[in-house]
file input02.tsv (TSV, C-alpha atoms)
chain	number	residue	atom	x	y	z
L	13	MET	CA	24.10	-10.20	-0.79
L	14	GLU	CA	20.93	-12.01	-1.85
L	15	GLN	CA	20.63	-12.85	-5.52
L	16	ASP	CA	17.82	-11.41	-7.62
L	17	LEU	CA	15.00	-13.88	-8.15
L	18	ILE	CA	14.67	-15.23	-11.69
L	19	THR	CA	11.38	-16.81	-12.75
L	20	VAL	CA	11.72	-19.63	-15.30
L	21	ILE	CA	8.49	-20.30	-17.24
L	22	ILE	CA	8.06	-23.66	-18.98
L	23	PRO	CA	4.90	-24.37	-21.00
L	24	VAL	CA	4.53	-28.12	-21.53
L	25	TYR	CA	2.56	-29.93	-24.19
L	26	ASN	CA	3.18	-33.62	-24.93
L	27	SER	CA	6.88	-33.48	-24.08
L	28	GLU	CA	7.27	-36.80	-22.27
L	29	LYS	CA	10.36	-37.74	-24.32
L	30	TYR	CA	12.27	-34.52	-23.72
L	31	PHE	CA	11.00	-32.75	-20.61
L	32	GLY	CA	13.35	-34.57	-18.23
L	33	LYS	CA	16.45	-33.15	-19.89
L	34	CYS	CA	14.87	-29.69	-20.02
L	35	ILE	CA	13.95	-29.50	-16.33
L	36	GLU	CA	17.26	-31.07	-15.23
L	37	SER	CA	19.11	-28.31	-17.07
L	38	ILE	CA	17.12	-25.74	-15.06
L	39	LEU	CA	17.48	-27.45	-11.68
L	40	ASN	CA	21.25	-27.77	-12.19
L	41	GLN	CA	21.86	-24.08	-12.88
L	42	THR	CA	24.76	-22.52	-11.00
L	43	TYR	CA	22.40	-19.58	-10.37
L	44	GLN	CA	20.16	-21.04	-7.67
L	45	ASN	CA	17.72	-18.27	-6.70
L	46	ILE	CA	15.01	-19.24	-9.16
L	47	GLU	CA	11.34	-20.08	-9.17
L	48	ILE	CA	10.18	-22.49	-11.84
L	49	ILE	CA	6.62	-22.22	-13.14
L	50	ILE	CA	5.63	-25.28	-15.14
L	51	ILE	CA	2.31	-25.03	-16.97
L	52	ASN	CA	0.77	-28.12	-18.53
L	53	ASP	CA	-1.23	-27.10	-21.60
L	54	CYS	CA	-3.53	-30.16	-21.64
L	55	SER	CA	-0.92	-32.78	-22.52
L	56	THR	CA	-2.31	-36.16	-23.50
L	57	ASP	CA	0.87	-38.16	-22.91
L	58	GLU	CA	2.81	-38.86	-19.68
L	59	SER	CA	4.07	-35.28	-19.30
L	60	GLU	CA	1.95	-34.57	-16.21
L	61	ASN	CA	3.23	-37.62	-14.32
L	62	ILE	CA	6.81	-36.61	-15.07
L	63	ILE	CA	6.11	-33.05	-13.88
L	64	LEU	CA	4.52	-34.30	-10.66
L	65	ASP	CA	7.57	-36.44	-9.96
L	66	TYR	CA	9.84	-33.39	-10.17
L	67	LEU	CA	7.35	-31.31	-8.18
L	68	GLY	CA	7.96	-33.56	-5.21
L	69	LYS	CA	11.73	-33.23	-5.49
L	70	ASP	CA	12.27	-29.45	-5.55
L	71	ASN	CA	10.31	-26.77	-3.70
L	72	ARG	CA	11.27	-24.12	-6.24
L	73	ILE	CA	8.74	-25.63	-8.68
L	74	THR	CA	5.18	-24.36	-9.02
L	75	TYR	CA	2.84	-26.48	-11.14
L	76	LEU	CA	-0.19	-25.13	-13.01
L	77	SER	CA	-2.51	-26.94	-15.41
L	78	ASN	CA	-4.67	-25.31	-18.08
L	79	GLU	CA	-8.30	-26.41	-18.27
L	80	THR	CA	-8.26	-26.00	-22.05
L	81	ASN	CA	-5.43	-25.98	-24.57
L	82	LEU	CA	-4.34	-22.34	-24.92
L	83	GLY	CA	-1.17	-22.60	-26.96
L	84	VAL	CA	2.32	-21.62	-25.93
L	85	GLY	CA	1.90	-17.82	-25.97
L	86	LYS	CA	-1.18	-17.54	-23.78
L	87	THR	CA	0.28	-20.20	-21.50
L	88	ARG	CA	3.40	-18.09	-21.08
L	89	ASN	CA	1.16	-15.12	-20.21
L	90	ILE	CA	-0.21	-17.06	-17.25
L	91	GLY	CA	3.34	-17.60	-16.08
L	92	ILE	CA	4.23	-13.91	-16.46
L	93	ASP	CA	1.25	-12.87	-14.37
L	94	ARG	CA	2.20	-15.36	-11.64
L	95	ALA	CA	5.91	-14.56	-11.70
L	96	LYS	CA	7.56	-13.10	-8.60
L	97	GLY	CA	11.02	-12.70	-10.10
L	98	LYS	CA	12.80	-9.51	-11.09
L	99	TYR	CA	13.71	-11.28	-14.32
L	100	ILE	CA	11.85	-13.78	-16.48
L	101	TYR	CA	13.31	-16.57	-18.54
L	102	PHE	CA	11.32	-18.73	-20.98
L	103	ILE	CA	12.37	-22.18	-22.15
L	104	ASP	CA	10.60	-24.62	-24.45
L	105	SER	CA	9.97	-27.99	-22.83
L	106	ASP	CA	11.96	-30.00	-25.38
L	107	ASP	CA	15.05	-27.75	-25.27
L	108	TYR	CA	17.77	-27.35	-22.64
L	109	ILE	CA	20.44	-24.87	-21.52
L	110	GLU	CA	24.02	-24.87	-20.28
L	111	GLU	CA	24.44	-24.85	-16.49
L	112	SER	CA	25.84	-21.28	-16.41
L	113	THR	CA	23.09	-19.79	-18.60
L	114	LEU	CA	21.10	-17.90	-15.98
L	115	ALA	CA	24.23	-16.71	-14.16
L	116	ASP	CA	25.79	-15.39	-17.37
L	117	LEU	CA	22.59	-13.69	-18.51
L	118	HIS	CA	21.99	-12.17	-15.09
L	119	ASP	CA	25.53	-10.78	-14.86
L	120	ALA	CA	25.27	-9.19	-18.30
L	121	ILE	CA	21.84	-7.63	-17.86
L	122	GLN	CA	23.14	-5.76	-14.79
L	123	GLU	CA	25.43	-3.67	-17.01
L	124	GLY	CA	22.72	-1.28	-18.18
L	125	ASP	CA	19.05	-0.38	-18.09
L	126	SER	CA	18.27	-3.26	-20.45
L	127	PHE	CA	14.88	-4.73	-21.28
L	128	CYS	CA	16.62	-8.03	-22.03
L	129	CYS	CA	19.90	-9.87	-22.35
L	130	MET	CA	20.46	-11.90	-25.53
L	131	MET	CA	22.67	-14.94	-26.10
L	132	GLN	CA	24.00	-17.26	-28.76
L	133	ALA	CA	22.53	-20.73	-29.26
L	134	TYR	CA	23.03	-24.16	-30.76
L	135	ARG	CA	20.75	-26.05	-33.08
L	136	THR	CA	20.83	-29.57	-31.68
L	137	ILE	CA	19.79	-32.11	-34.31
L	138	ASP	CA	19.58	-35.75	-33.26
L	139	GLY	CA	22.06	-35.10	-30.46
L	140	LYS	CA	24.63	-33.14	-32.49
L	141	ASP	CA	25.23	-29.42	-31.87
L	142	TYR	CA	25.51	-26.85	-34.67
L	143	LEU	CA	26.48	-23.32	-33.66
L	144	PHE	CA	23.62	-20.93	-34.42
L	145	SER	CA	25.74	-17.78	-34.53
L	146	ARG	CA	24.19	-14.32	-34.44
L	147	SER	CA	25.98	-11.04	-33.72
L	148	LYS	CA	24.55	-8.54	-31.25
L	149	GLU	CA	23.41	-6.42	-34.20
L	150	GLU	CA	21.68	-9.37	-35.88
L	151	LEU	CA	19.86	-10.28	-32.67
L	152	SER	CA	18.80	-6.65	-32.25
L	153	LEU	CA	17.33	-6.87	-35.77
L	154	LEU	CA	15.44	-9.97	-34.61
L	155	ARG	CA	17.16	-12.33	-37.01
L	156	SER	CA	16.48	-14.89	-34.27
L	157	PRO	CA	13.45	-13.59	-32.33
L	158	SER	CA	12.97	-16.54	-29.98
L	159	VAL	CA	12.23	-15.38	-26.45
L	160	CYS	CA	14.15	-18.44	-25.25
L	161	PHE	CA	17.40	-16.77	-26.37
L	162	ARG	CA	16.77	-13.87	-23.95
L	163	LEU	CA	16.41	-12.99	-20.27
L	164	PHE	CA	13.76	-10.31	-19.70
L	165	ASN	CA	13.39	-7.56	-17.12
L	166	LYS	CA	9.85	-8.09	-15.78
L	167	ASN	CA	9.50	-4.44	-14.85
L	168	PHE	CA	9.52	-3.47	-18.52
L	169	LEU	CA	6.98	-6.16	-19.41
L	170	ASP	CA	4.61	-4.72	-16.82
L	171	GLN	CA	5.30	-1.05	-17.59
L	172	ALA	CA	4.61	-1.57	-21.28
L	173	ASN	CA	1.82	-4.10	-20.62
L	174	ILE	CA	3.26	-6.43	-23.22
L	175	ARG	CA	2.07	-10.02	-23.42
L	176	PHE	CA	1.96	-12.73	-26.09
L	177	SER	CA	-0.76	-12.30	-28.70
L	178	GLY	CA	-1.89	-15.91	-29.11
L	179	LEU	CA	-1.48	-15.80	-32.90
L	180	PRO	CA	-0.48	-19.14	-34.49
L	181	ILE	CA	2.92	-17.93	-35.71
L	182	GLY	CA	5.32	-15.07	-34.96
L	183	GLU	CA	4.38	-14.47	-31.31
L	184	ASP	CA	8.00	-14.21	-30.18
L	185	LEU	CA	8.80	-11.73	-32.94
L	186	GLU	CA	5.95	-9.42	-31.92
L	187	PHE	CA	6.72	-9.75	-28.20
L	188	VAL	CA	10.42	-8.87	-28.50
L	189	PHE	CA	9.89	-6.14	-31.09
L	190	LYS	CA	7.39	-4.29	-28.91
L	191	LEU	CA	9.81	-4.34	-25.99
L	192	MET	CA	12.61	-3.12	-28.26
L	193	VAL	CA	10.48	-0.19	-29.42
L	194	TYR	CA	9.49	0.59	-25.82
L	195	ASN	CA	13.06	0.50	-24.50
L	196	ASN	CA	15.84	-0.05	-27.03
L	197	GLN	CA	18.49	-1.04	-24.47
L	198	TYR	CA	19.77	-4.60	-24.42
L	199	SER	CA	22.72	-6.65	-23.25
L	200	TYR	CA	24.51	-9.50	-24.98
L	201	VAL	CA	26.34	-12.70	-24.05
L	202	THR	CA	28.66	-14.09	-26.71
L	203	LYS	CA	28.54	-17.68	-25.44
L	204	PRO	CA	26.20	-20.26	-27.02
L	205	LEU	CA	24.11	-21.29	-24.01
L	206	TYR	CA	20.79	-22.51	-25.42
L	207	HIS	CA	20.15	-25.83	-27.19
L	208	TYR	CA	17.30	-25.48	-29.67
L	209	VAL	CA	16.45	-29.13	-30.26
L	210	ILE	CA	15.22	-30.20	-33.70
L	211	HIS	CA	13.85	-33.74	-33.75
L	212	SER	CA	13.82	-36.09	-36.70
L	213	ASP	CA	10.16	-36.71	-35.86
L	214	SER	CA	9.25	-33.03	-35.68
L	215	SER	CA	5.81	-32.20	-37.08
L	216	SER	CA	5.29	-30.16	-40.23
L	217	ARG	CA	4.99	-26.40	-40.22
L	218	GLY	CA	1.25	-26.48	-40.80
L	219	SER	CA	-0.89	-25.13	-43.60
L	220	ILE	CA	0.12	-22.48	-46.09
L	221	GLN	CA	-2.69	-20.25	-44.84
L	222	LYS	CA	-1.19	-20.41	-41.36
L	223	GLN	CA	2.10	-19.04	-42.68
L	224	PHE	CA	0.44	-15.84	-43.84
L	225	SER	CA	-0.58	-14.97	-40.28
L	226	ILE	CA	2.95	-13.57	-39.89
L	227	PHE	CA	1.70	-10.52	-41.78
L	228	GLU	CA	-0.87	-9.86	-39.05
L	229	VAL	CA	2.00	-9.97	-36.58
L	230	LEU	CA	4.03	-7.52	-38.66
L	231	SER	CA	1.03	-5.19	-38.94
L	232	ASN	CA	0.60	-5.30	-35.15
L	233	MET	CA	4.25	-4.32	-34.80
L	234	GLU	CA	3.87	-1.40	-37.18
L	235	ASN	CA	0.80	-0.16	-35.33
L	236	TYR	CA	2.55	-0.43	-31.98
L	237	ALA	CA	5.49	1.65	-33.20
L	238	LYS	CA	3.06	4.23	-34.56
L	239	SER	CA	1.16	4.33	-31.24
L	240	LEU	CA	4.41	5.38	-29.54
L	241	ASN	CA	5.28	7.82	-32.35
L	242	ARG	CA	8.40	5.76	-33.14
L	243	TYR	CA	7.51	4.34	-36.55
L	244	ASP	CA	9.81	6.72	-38.44
L	245	GLN	CA	12.63	5.92	-35.99
L	246	PHE	CA	12.27	2.19	-36.64
L	247	TYR	CA	11.21	2.35	-40.31
L	248	LYS	CA	14.33	0.64	-41.72
L	249	GLU	CA	14.14	-2.07	-39.07
L	250	ILE	CA	10.45	-2.74	-39.69
L	251	GLU	CA	11.03	-2.88	-43.44
L	252	PHE	CA	13.84	-5.39	-42.82
L	253	LEU	CA	11.51	-7.51	-40.66
L	254	TYR	CA	8.98	-7.57	-43.51
L	255	ILE	CA	11.79	-8.84	-45.75
L	256	SER	CA	13.39	-11.34	-43.35
L	257	HIS	CA	10.24	-12.75	-41.73
L	258	GLY	CA	7.36	-11.76	-43.99
L	259	LEU	CA	9.06	-12.50	-47.30
L	260	ARG	CA	12.11	-14.71	-46.80
L	261	GLY	CA	10.82	-16.72	-43.83
L	262	THR	CA	7.31	-17.24	-45.16
L	263	MET	CA	8.51	-18.24	-48.62
L	264	ARG	CA	10.99	-20.75	-47.23
L	265	ARG	CA	8.32	-22.37	-45.06
L	266	ILE	CA	5.78	-22.40	-47.90
L	267	MET	CA	8.33	-23.96	-50.22
L	268	GLN	CA	8.55	-26.95	-47.88
L	269	LEU	CA	4.82	-27.53	-48.44
L	270	PRO	CA	2.82	-28.29	-51.61
L	271	PHE	CA	2.55	-24.75	-52.96
L	272	GLN	CA	1.36	-22.91	-56.05
L	273	LYS	CA	2.89	-19.83	-57.63
L	274	GLU	CA	-0.02	-17.73	-56.33
L	275	ASP	CA	1.27	-18.35	-52.79
L	276	ILE	CA	4.65	-16.84	-53.66
L	277	VAL	CA	2.96	-13.97	-55.50
L	278	THR	CA	0.97	-13.26	-52.33
L	279	CYS	CA	4.17	-13.04	-50.27
L	280	PHE	CA	5.64	-10.39	-52.53
L	281	ARG	CA	2.34	-8.51	-52.80
L	282	LEU	CA	1.93	-8.26	-49.01
L	283	VAL	CA	5.43	-6.85	-48.68
L	284	GLU	CA	5.54	-4.60	-51.72
L	285	GLN	CA	2.22	-2.91	-51.07
L	286	LYS	CA	3.85	-1.36	-48.00
L	287	TYR	CA	7.55	-1.43	-48.82
L	288	PRO	CA	7.90	-1.24	-52.63
L	289	ASN	CA	11.63	-0.41	-52.41
L	290	TRP	CA	12.53	-3.30	-50.13
L	291	GLN	CA	15.47	-4.31	-52.35
L	292	ASN	CA	17.27	-1.12	-51.25
L	293	ASN	CA	17.02	-1.80	-47.52
L	294	GLU	CA	20.46	-1.19	-46.01
L	295	TYR	CA	20.33	-4.28	-43.81
L	296	LEU	CA	19.32	-6.68	-46.59
L	297	LYS	CA	22.66	-7.31	-48.27
L	298	GLN	CA	24.53	-6.93	-44.99
L	299	TYR	CA	22.64	-9.61	-43.06
L	300	LEU	CA	20.78	-11.60	-45.72
L	301	SER	CA	23.43	-11.67	-48.42
L	302	GLY	CA	23.07	-15.43	-48.79
L	303	ASP	CA	19.34	-15.09	-49.42
L	304	PHE	CA	19.41	-12.01	-51.64
L	305	LYS	CA	19.90	-14.10	-54.80
L	306	PHE	CA	17.09	-16.44	-53.69
L	307	LEU	CA	14.69	-13.50	-53.19
L	308	ILE	CA	15.56	-11.86	-56.52
L	309	GLU	CA	15.33	-15.17	-58.41
L	310	ALA	CA	11.91	-15.83	-56.92
L	311	ARG	CA	10.77	-12.25	-57.67
L	312	ASN	CA	11.80	-12.67	-61.30
L	313	SER	CA	10.06	-16.05	-61.60
L	314	LEU	CA	6.55	-15.22	-60.41
L	315	GLU	CA	5.03	-16.17	-63.77
L	316	ASN	CA	6.91	-19.46	-63.99
L	317	GLU	CA	5.64	-22.08	-61.56
L	318	GLN	CA	8.15	-24.67	-62.74
L	319	GLU	CA	11.04	-22.30	-62.00
L	320	LEU	CA	9.68	-21.54	-58.54
L	321	HIS	CA	9.61	-25.25	-57.75
L	322	ARG	CA	13.19	-25.58	-58.99
L	323	ILE	CA	14.22	-22.80	-56.61
L	324	ALA	CA	12.37	-24.53	-53.77
L	325	ASN	CA	14.12	-27.83	-54.45
L	326	GLU	CA	17.54	-26.17	-54.21
L	327	LEU	CA	16.95	-24.44	-50.89
L	328	ASP	CA	19.26	-25.22	-47.97
L	329	LEU	CA	16.47	-26.01	-45.55
L	330	LEU	CA	18.74	-26.19	-42.50
L	331	SER	CA	19.78	-22.57	-42.97
L	332	SER	CA	16.14	-21.54	-43.38
L	333	ASN	CA	15.46	-21.76	-39.64
L	334	TYR	CA	15.90	-18.37	-38.01
call {"tool": "encode", "arguments": {"input": "input02.tsv", "output": "structure tokens"}}
result
Amino acid sequence: MEQDLITVIIPVYNSEKYFGKCIESILNQTYQNIEIIIINDCSTDESENIILDYLGKDNRITYLSNETNLGVGKTRNIGIDRAKGKYIYFIDSDDYIEESTLADLHDAIQEGDSFCCMMQAYRTIDGKDYLFSRSKEELSLLRSPSVCFRLFNKNFLDQANIRFSGLPIGEDLEFVFKLMVYNNQYSYVTKPLYHYVIHSDSSSRGSIQKQFSIFEVLSNMENYAKSLNRYDQFYKEIEFLYISHGLRGTMRRIMQLPFQKEDIVTCFRLVEQKYPNWQNNEYLKQYLSGDFKFLIEARNSLENEQELHRIANELDLLSSNY
């Protein structure tokens, strides 16, 4: 029996140091019926030459090159529209996966009418793996929204006409949430199969103003749920996403930058104007128990800039990635 075709989409931007390991992990998959769409988003290093070398070695690879820099989300959209596979898998060009990843995800997604199959992952920091453990329930609440931790059923992407927004932050969160609202069926693999690579030379998270764009993403998600008359059904989950990504995530990123107390005040204001009772969310203490004290301390210190900076200095920044 012929295997289902899986399309692997790899946006590439200045990944000359890491792309070789990424593409090798795809080419060496035990699941062989794949097409690989590599899209160069105007790299200025040697990425293109490395891609062209692999292009000549494996006929499963299709190479595309953007005329202008579009960013990762819009580049992925090009891959989706070109994809021939029944399933779609995204991987970042500096990460890599275990050799059984696609086989394990494919086997699991067959179990039901799922829009995606989710998996566990590692954080790989300077070559050392740290288990990035999330339960099925936590992944369904988008504690870790990365599309790279999931295999997607392309039919649902096309039915719902869902694509990446092109916003500077939170694209994966919006993409997965909309699919979850459209079809809340998903599968799960307990194995850690993805290596999310964090480099010692990684760039900063950008400006503080950029961090607030997550609230545009969250608003888009609310509006999408309302357009399908499912906002009430997903109210608790959306409120939790405002807490975990809009409040907790944004504050943690801002606190790694030169910030003022007004930035933290803005975080709370943008959440509390819509969800004033966020502290009573049933998922908060269950899944963010370690951060509950941090959030309450910050909330009680909005008038004390010195105290906010003390809180920032004591953060466990490794655990802040989600």
call {"tool": "closest_residue", "arguments": {"input": "input02.tsv", "among": "L:Ile109, L:Asp104, L:Pro23, L:Tyr206", "to": "Leu76 (chain L)", "atoms": "only C-alpha atoms"}}
result
L:Pro23
call {"tool": "residues_around", "arguments": {"input": "input02.tsv", "residues": "region 270-284 of chain L", "least_positions_apart": "4", "cutoff": "8 Å", "atoms": "only C-alpha atoms", "output": "short mmCIF file (atom, residue, chain, number, x, y, z; two decimals) with C-alpha atoms, in the coordinates of the input"}}
result
data_model
loop_
_atom_site.label_atom_id
_atom_site.label_comp_id
_atom_site.auth_asym_id
_atom_site.auth_seq_id
_atom_site.Cartn_x
_atom_site.Cartn_y
_atom_site.Cartn_z
CA ILE L 220 0.12 -22.48 -46.09
CA PHE L 224 0.44 -15.84 -43.84
CA PHE L 227 1.70 -10.52 -41.78
CA TYR L 254 8.98 -7.57 -43.51
CA ILE L 255 11.79 -8.84 -45.75
CA GLY L 258 7.36 -11.76 -43.99
CA LEU L 259 9.06 -12.50 -47.30
CA THR L 262 7.31 -17.24 -45.16
CA MET L 263 8.51 -18.24 -48.62
CA ILE L 266 5.78 -22.40 -47.90
CA PRO L 288 7.90 -1.24 -52.63
CA ASN L 289 11.63 -0.41 -52.41
CA TRP L 290 12.53 -3.30 -50.13
CA ARG L 311 10.77 -12.25 -57.67
CA LEU L 314 6.55 -15.22 -60.41
CA GLU L 315 5.03 -16.17 -63.77
CA ASN L 316 6.91 -19.46 -63.99
CA GLU L 317 5.64 -22.08 -61.56
CA LEU L 320 9.68 -21.54 -58.54
#
call {"tool": "residues_around", "arguments": {"input": "input02.tsv", "residues": "His257 (chain L)", "least_positions_apart": "5", "cutoff": "10 Å", "atoms": "only C-alpha atoms", "output": "list of chain:residue names"}}
result
L:Leu154, L:Arg155, L:Ser156, L:Pro157, L:Gly182, L:Leu185, L:Ile226, L:Phe227, L:Leu230, L:Phe252, L:Thr262, L:Met263, L:Arg264, L:Tyr334
call {"tool": "atom_distance", "arguments": {"input": "input02.tsv", "atom1": "CA of Ala324 (chain L)", "atom2": "CA of Met267 (chain L)"}}
result
5.4 Å
call {"tool": "closest_residue", "arguments": {"input": "input02.tsv", "among": "L:Glu251, L:Asp107, L:Asp125, L:Glu326", "to": "Phe164 (chain L)", "atoms": "all atoms listed in the file"}}
result
L:Asp125
